[in-house]
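Coordinates as given in data14.txt (compact mmCIF, N, CA and C atoms):
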```txt
# COMPACT_ATOMS: atom_id res chain seq x y z
N SER U 1 0.84 -1.19 0.00
CA SER U 1 0.00 0.00 0.00
C SER U 1 0.87 1.24 0.00
N LEU U 2 0.31 2.33 -0.45
CA LEU U 2 1.07 3.55 -0.67
C LEU U 2 1.44 4.23 0.64
N VAL U 3 2.54 4.95 0.60
CA VAL U 3 3.10 5.56 1.80
C VAL U 3 2.89 7.08 1.78
N LEU U 4 1.68 7.51 1.62
CA LEU U 4 1.36 8.93 1.72
C LEU U 4 0.93 9.18 3.15
N PRO U 5 1.75 9.87 3.93
CA PRO U 5 1.43 10.06 5.34
C PRO U 5 0.10 10.78 5.54
N ALA U 6 -0.88 10.04 6.02
CA ALA U 6 -2.23 10.59 6.19
C ALA U 6 -2.23 11.78 7.13
N ASP U 7 -1.40 11.73 8.18
CA ASP U 7 -1.37 12.83 9.14
C ASP U 7 -0.93 14.13 8.47
N LYS U 8 0.08 14.03 7.61
CA LYS U 8 0.58 15.23 6.93
C LYS U 8 -0.47 15.75 5.95
N LEU U 9 -1.09 14.84 5.21
CA LEU U 9 -2.12 15.24 4.26
C LEU U 9 -3.30 15.88 4.99
N LEU U 10 -3.72 15.30 6.09
CA LEU U 10 -4.83 15.85 6.86
C LEU U 10 -4.51 17.22 7.42
N ALA U 11 -3.24 17.45 7.77
CA ALA U 11 -2.84 18.74 8.30
C ALA U 11 -3.09 19.86 7.30
N PHE U 12 -3.08 19.53 6.00
CA PHE U 12 -3.34 20.52 4.96
C PHE U 12 -4.77 20.47 4.46
N SER U 13 -5.37 19.27 4.42
CA SER U 13 -6.71 19.16 3.85
C SER U 13 -7.80 19.62 4.82
N LEU U 14 -7.61 19.42 6.12
CA LEU U 14 -8.63 19.84 7.07
C LEU U 14 -8.84 21.36 7.09
N PRO U 15 -7.77 22.18 7.13
CA PRO U 15 -7.99 23.63 7.08
C PRO U 15 -8.68 24.06 5.78
N PHE U 16 -8.32 23.43 4.66
CA PHE U 16 -8.95 23.77 3.39
C PHE U 16 -10.43 23.40 3.40
N THR U 17 -10.73 22.21 3.89
CA THR U 17 -12.12 21.76 3.97
C THR U 17 -12.94 22.67 4.87
N LYS U 18 -12.39 23.01 6.02
CA LYS U 18 -13.09 23.88 6.96
C LYS U 18 -13.35 25.25 6.33
N CYS U 19 -12.34 25.80 5.68
CA CYS U 19 -12.48 27.10 5.02
C CYS U 19 -13.59 27.05 3.97
N CYS U 20 -13.62 26.01 3.17
CA CYS U 20 -14.64 25.87 2.12
C CYS U 20 -16.04 25.77 2.71
N GLN U 21 -16.16 25.00 3.79
CA GLN U 21 -17.47 24.84 4.43
C GLN U 21 -17.96 26.15 5.03
N GLU U 22 -17.05 26.93 5.58
CA GLU U 22 -17.43 28.18 6.23
C GLU U 22 -17.73 29.31 5.25
N THR U 23 -17.11 29.29 4.07
CA THR U 23 -17.26 30.43 3.16
C THR U 23 -18.19 30.18 1.99
N GLY U 24 -18.55 28.94 1.75
CA GLY U 24 -19.48 28.64 0.66
C GLY U 24 -18.93 29.03 -0.69
N LEU U 25 -19.72 29.79 -1.47
CA LEU U 25 -19.32 30.14 -2.83
C LEU U 25 -18.10 31.05 -2.89
N LEU U 26 -17.81 31.75 -1.83
CA LEU U 26 -16.64 32.63 -1.82
C LEU U 26 -15.33 31.88 -1.59
N MET U 27 -15.41 30.55 -1.50
CA MET U 27 -14.21 29.77 -1.21
C MET U 27 -13.12 29.97 -2.26
N VAL U 28 -13.52 30.22 -3.49
CA VAL U 28 -12.54 30.42 -4.56
C VAL U 28 -11.59 31.57 -4.22
N VAL U 29 -12.13 32.58 -3.61
CA VAL U 29 -11.33 33.76 -3.27
C VAL U 29 -10.74 33.65 -1.87
N LYS U 30 -11.55 33.21 -0.91
CA LYS U 30 -11.14 33.26 0.49
C LYS U 30 -10.24 32.11 0.93
N CYS U 31 -10.22 31.01 0.20
CA CYS U 31 -9.46 29.83 0.64
C CYS U 31 -8.21 29.59 -0.22
N ARG U 32 -7.73 30.61 -0.87
CA ARG U 32 -6.56 30.45 -1.74
C ARG U 32 -5.33 29.98 -0.98
N GLN U 33 -5.11 30.53 0.19
CA GLN U 33 -3.91 30.16 0.96
C GLN U 33 -3.96 28.69 1.36
N GLU U 34 -5.12 28.23 1.85
CA GLU U 34 -5.26 26.82 2.25
C GLU U 34 -5.16 25.90 1.04
N ASN U 35 -5.74 26.33 -0.09
CA ASN U 35 -5.69 25.53 -1.30
C ASN U 35 -4.25 25.41 -1.81
N THR U 36 -3.51 26.51 -1.77
CA THR U 36 -2.11 26.49 -2.21
C THR U 36 -1.28 25.56 -1.34
N ALA U 37 -1.49 25.61 -0.03
CA ALA U 37 -0.74 24.74 0.88
C ALA U 37 -1.04 23.27 0.60
N LEU U 38 -2.31 22.94 0.36
CA LEU U 38 -2.70 21.56 0.06
C LEU U 38 -2.10 21.12 -1.27
N LYS U 39 -2.18 21.97 -2.29
CA LYS U 39 -1.61 21.61 -3.59
C LYS U 39 -0.10 21.40 -3.50
N ASP U 40 0.58 22.27 -2.77
CA ASP U 40 2.03 22.14 -2.62
C ASP U 40 2.39 20.81 -1.96
N CYS U 41 1.61 20.41 -0.96
CA CYS U 41 1.85 19.13 -0.29
C CYS U 41 1.68 17.97 -1.28
N LEU U 42 0.58 17.98 -2.03
CA LEU U 42 0.31 16.90 -2.98
C LEU U 42 1.33 16.88 -4.11
N VAL U 43 1.65 18.03 -4.66
CA VAL U 43 2.62 18.10 -5.76
C VAL U 43 3.98 17.57 -5.30
N GLY U 44 4.32 17.88 -4.05
CA GLY U 44 5.58 17.38 -3.50
C GLY U 44 5.66 15.86 -3.53
N TYR U 45 4.55 15.21 -3.19
CA TYR U 45 4.54 13.75 -3.22
C TYR U 45 4.50 13.22 -4.64
N TYR U 46 3.65 13.79 -5.48
CA TYR U 46 3.50 13.25 -6.83
C TYR U 46 4.68 13.55 -7.74
N SER U 47 5.53 14.48 -7.36
CA SER U 47 6.73 14.73 -8.17
C SER U 47 7.93 13.95 -7.62
N ASP U 48 7.73 13.21 -6.54
CA ASP U 48 8.78 12.37 -5.96
C ASP U 48 8.85 11.06 -6.76
N PRO U 49 9.97 10.78 -7.44
CA PRO U 49 10.08 9.58 -8.28
C PRO U 49 9.81 8.28 -7.51
N LEU U 50 10.24 8.20 -6.27
CA LEU U 50 10.01 6.98 -5.49
C LEU U 50 8.53 6.77 -5.24
N PHE U 51 7.82 7.82 -4.86
CA PHE U 51 6.38 7.72 -4.62
C PHE U 51 5.65 7.39 -5.92
N TYR U 52 6.06 8.00 -7.02
CA TYR U 52 5.46 7.72 -8.32
C TYR U 52 5.59 6.23 -8.66
N GLU U 53 6.78 5.69 -8.45
CA GLU U 53 6.99 4.26 -8.75
C GLU U 53 6.14 3.37 -7.85
N GLU U 54 5.96 3.76 -6.57
CA GLU U 54 5.09 3.00 -5.67
C GLU U 54 3.65 3.01 -6.19
N CYS U 55 3.19 4.18 -6.61
CA CYS U 55 1.83 4.30 -7.15
C CYS U 55 1.66 3.44 -8.39
N LYS U 56 2.65 3.51 -9.26
CA LYS U 56 2.59 2.74 -10.50
C LYS U 56 2.57 1.24 -10.23
N ALA U 57 3.42 0.79 -9.30
CA ALA U 57 3.47 -0.63 -8.97
C ALA U 57 2.14 -1.10 -8.36
N GLU U 58 1.57 -0.27 -7.48
CA GLU U 58 0.27 -0.62 -6.87
C GLU U 58 -0.82 -0.69 -7.92
N TYR U 59 -0.83 0.26 -8.85
CA TYR U 59 -1.82 0.27 -9.93
C TYR U 59 -1.67 -0.98 -10.80
N LEU U 60 -0.45 -1.29 -11.20
CA LEU U 60 -0.22 -2.45 -12.07
C LEU U 60 -0.62 -3.75 -11.37
N LYS U 61 -0.36 -3.83 -10.07
CA LYS U 61 -0.76 -5.01 -9.29
C LYS U 61 -2.27 -5.15 -9.27
N GLN U 62 -2.97 -4.05 -9.01
CA GLN U 62 -4.44 -4.10 -8.98
C GLN U 62 -5.01 -4.40 -10.35
N ARG U 63 -4.40 -3.85 -11.40
CA ARG U 63 -4.87 -4.12 -12.75
C ARG U 63 -4.70 -5.60 -13.09
N GLU U 64 -3.56 -6.16 -12.69
CA GLU U 64 -3.31 -7.58 -12.95
C GLU U 64 -4.34 -8.45 -12.23
N GLU U 65 -4.63 -8.12 -10.97
CA GLU U 65 -5.64 -8.87 -10.22
C GLU U 65 -7.01 -8.77 -10.87
N TYR U 66 -7.37 -7.57 -11.33
CA TYR U 66 -8.66 -7.38 -11.98
C TYR U 66 -8.75 -8.18 -13.27
N ARG U 67 -7.68 -8.15 -14.05
CA ARG U 67 -7.70 -8.89 -15.31
C ARG U 67 -7.79 -10.40 -15.07
N ALA U 68 -7.21 -10.87 -13.98
CA ALA U 68 -7.24 -12.29 -13.67
C ALA U 68 -8.60 -12.73 -13.10
N THR U 69 -9.21 -11.87 -12.30
CA THR U 69 -10.44 -12.26 -11.60
C THR U 69 -11.70 -11.58 -12.12
N GLY U 70 -11.56 -10.41 -12.72
CA GLY U 70 -12.73 -9.65 -13.16
C GLY U 70 -13.42 -8.92 -12.02
N ILE U 71 -12.81 -8.95 -10.84
CA ILE U 71 -13.40 -8.31 -9.66
C ILE U 71 -12.59 -7.08 -9.31
N LYS U 72 -13.28 -5.93 -9.22
CA LYS U 72 -12.61 -4.70 -8.84
C LYS U 72 -12.34 -4.70 -7.34
N LYS U 73 -11.19 -4.19 -6.97
CA LYS U 73 -10.84 -4.07 -5.56
C LYS U 73 -11.33 -2.71 -5.07
N LYS U 74 -11.95 -2.69 -3.91
CA LYS U 74 -12.45 -1.43 -3.36
C LYS U 74 -11.28 -0.55 -2.97
N ARG U 75 -11.43 0.75 -3.21
CA ARG U 75 -10.40 1.71 -2.84
C ARG U 75 -10.47 1.99 -1.36
N GLN U 76 -9.28 2.20 -0.78
CA GLN U 76 -9.23 2.59 0.62
C GLN U 76 -9.51 4.06 0.71
N LYS U 77 -10.24 4.45 1.74
CA LYS U 77 -10.49 5.87 1.98
C LYS U 77 -9.63 6.35 3.13
N LEU U 78 -9.15 7.58 3.01
CA LEU U 78 -8.43 8.19 4.11
C LEU U 78 -9.42 8.50 5.23
N THR U 79 -9.09 8.07 6.41
CA THR U 79 -9.97 8.39 7.53
C THR U 79 -9.24 9.26 8.52
N SER U 80 -9.98 10.09 9.17
CA SER U 80 -9.40 11.01 10.14
C SER U 80 -9.78 10.58 11.54
N ASN U 81 -8.83 10.66 12.43
CA ASN U 81 -9.11 10.36 13.83
C ASN U 81 -9.54 11.61 14.55
N ALA U 82 -9.66 12.72 13.82
CA ALA U 82 -10.01 14.00 14.43
C ALA U 82 -11.47 14.07 14.77
```

As structure tokens, please, write out the structure in this file.
Amino acid sequence: SLVLPADKLLAFSLPFTKCCQETGLLMVVKCRQENTALKDCLVGYYSDPLFYEECKAEYLKQREEYRATGIKKKRQKLTSNA
């Protein structure tokens, strides 16, 4: 399974989510700082060659299993202990 630290991701996604919920339609303007921080965190992981290779290997493994069995594997959801 992939090694994206959920705690670090939640540290950026929770403030963004809260901002969006509190501001409604104005989130495009008012939540820019939180959105930028979240994007920077994600881009940092997705531009890491080691993480990319882990993602690719996991995808290829799941694709191979699907092709062999015809059964889709359910995706894991990030859960928060907050």

Padding 5 Å on every side, please: axis-aligned box over the listed atoms of segment 42-58 of chain U, centre and edge lengths to one decimal in Å, as JSON.
```
{"center_x": 4.7, "center_y": 8.5, "center_z": -6.3, "size_x": 21.1, "size_y": 29.2, "size_z": 18.5}
```

Spatial neighbours of Lys30 of chain U, max dist 12 Å, only C-alpha atoms, sep filter under 5 positions, as a tab-separated table (two decimals) with N, CA and C atoms, in the frame of the given file:
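Produced file out11.tsv, reproduced below:
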```tsv
chain	number	residue	atom	x	y	z
U	16	PHE	N	-8.32	23.43	4.66
U	16	PHE	CA	-8.95	23.77	3.39
U	16	PHE	C	-10.43	23.40	3.40
U	18	LYS	N	-12.39	23.01	6.02
U	18	LYS	CA	-13.09	23.88	6.96
U	18	LYS	C	-13.35	25.25	6.33
U	19	CYS	N	-12.34	25.80	5.68
U	19	CYS	CA	-12.48	27.10	5.02
U	19	CYS	C	-13.59	27.05	3.97
U	20	CYS	N	-13.62	26.01	3.17
U	20	CYS	CA	-14.64	25.87	2.12
U	20	CYS	C	-16.04	25.77	2.71
U	21	GLN	N	-16.16	25.00	3.79
U	21	GLN	CA	-17.47	24.84	4.43
U	21	GLN	C	-17.96	26.15	5.03
U	22	GLU	N	-17.05	26.93	5.58
U	22	GLU	CA	-17.43	28.18	6.23
U	22	GLU	C	-17.73	29.31	5.25
U	23	THR	N	-17.11	29.29	4.07
U	23	THR	CA	-17.26	30.43	3.16
U	23	THR	C	-18.19	30.18	1.99
U	24	GLY	N	-18.55	28.94	1.75
U	24	GLY	CA	-19.48	28.64	0.66
U	24	GLY	C	-18.93	29.03	-0.69
U	25	LEU	N	-19.72	29.79	-1.47
U	25	LEU	CA	-19.32	30.14	-2.83
U	25	LEU	C	-18.10	31.05	-2.89
U	35	ASN	N	-5.74	26.33	-0.09
U	35	ASN	CA	-5.69	25.53	-1.30
U	35	ASN	C	-4.25	25.41	-1.81
U	36	THR	N	-3.51	26.51	-1.77
U	36	THR	CA	-2.11	26.49	-2.21
U	36	THR	C	-1.28	25.56	-1.34
```

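As for atom C of Thr17 of chain U and atom N of Glu34 of chain U, they are spaced 10.1 Å apart.
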
Determine which residues of chain U receive a DSSP assignment of alpha helix (DSSP H), computed from the backbone, and state them as a PyMOL selection string.
chain U and resi 6-23+27-30+32-46+49-69

Would you compute the distance between atom CA of Leu42 of chain U and atom C of Ile71 of chain U? Give it in Å to one decimal.
28.0 Å

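Counting only N, CA and C atoms and comparing U:Leu26, U:Glu65, U:Leu38, U:Gln33, the residue that lies closest to Ser13 of chain U is U:Leu38.
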
From atom CA of Lys73 of chain U to atom CA of Leu50 of chain U the spacing works out at 23.6 Å

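Between Cys41 of chain U and the candidates U:Glu64, U:Leu9, U:Glu54, U:Lys74, the tightest atom-to-atom separation, counting only C-alpha atoms, involves U:Leu9.
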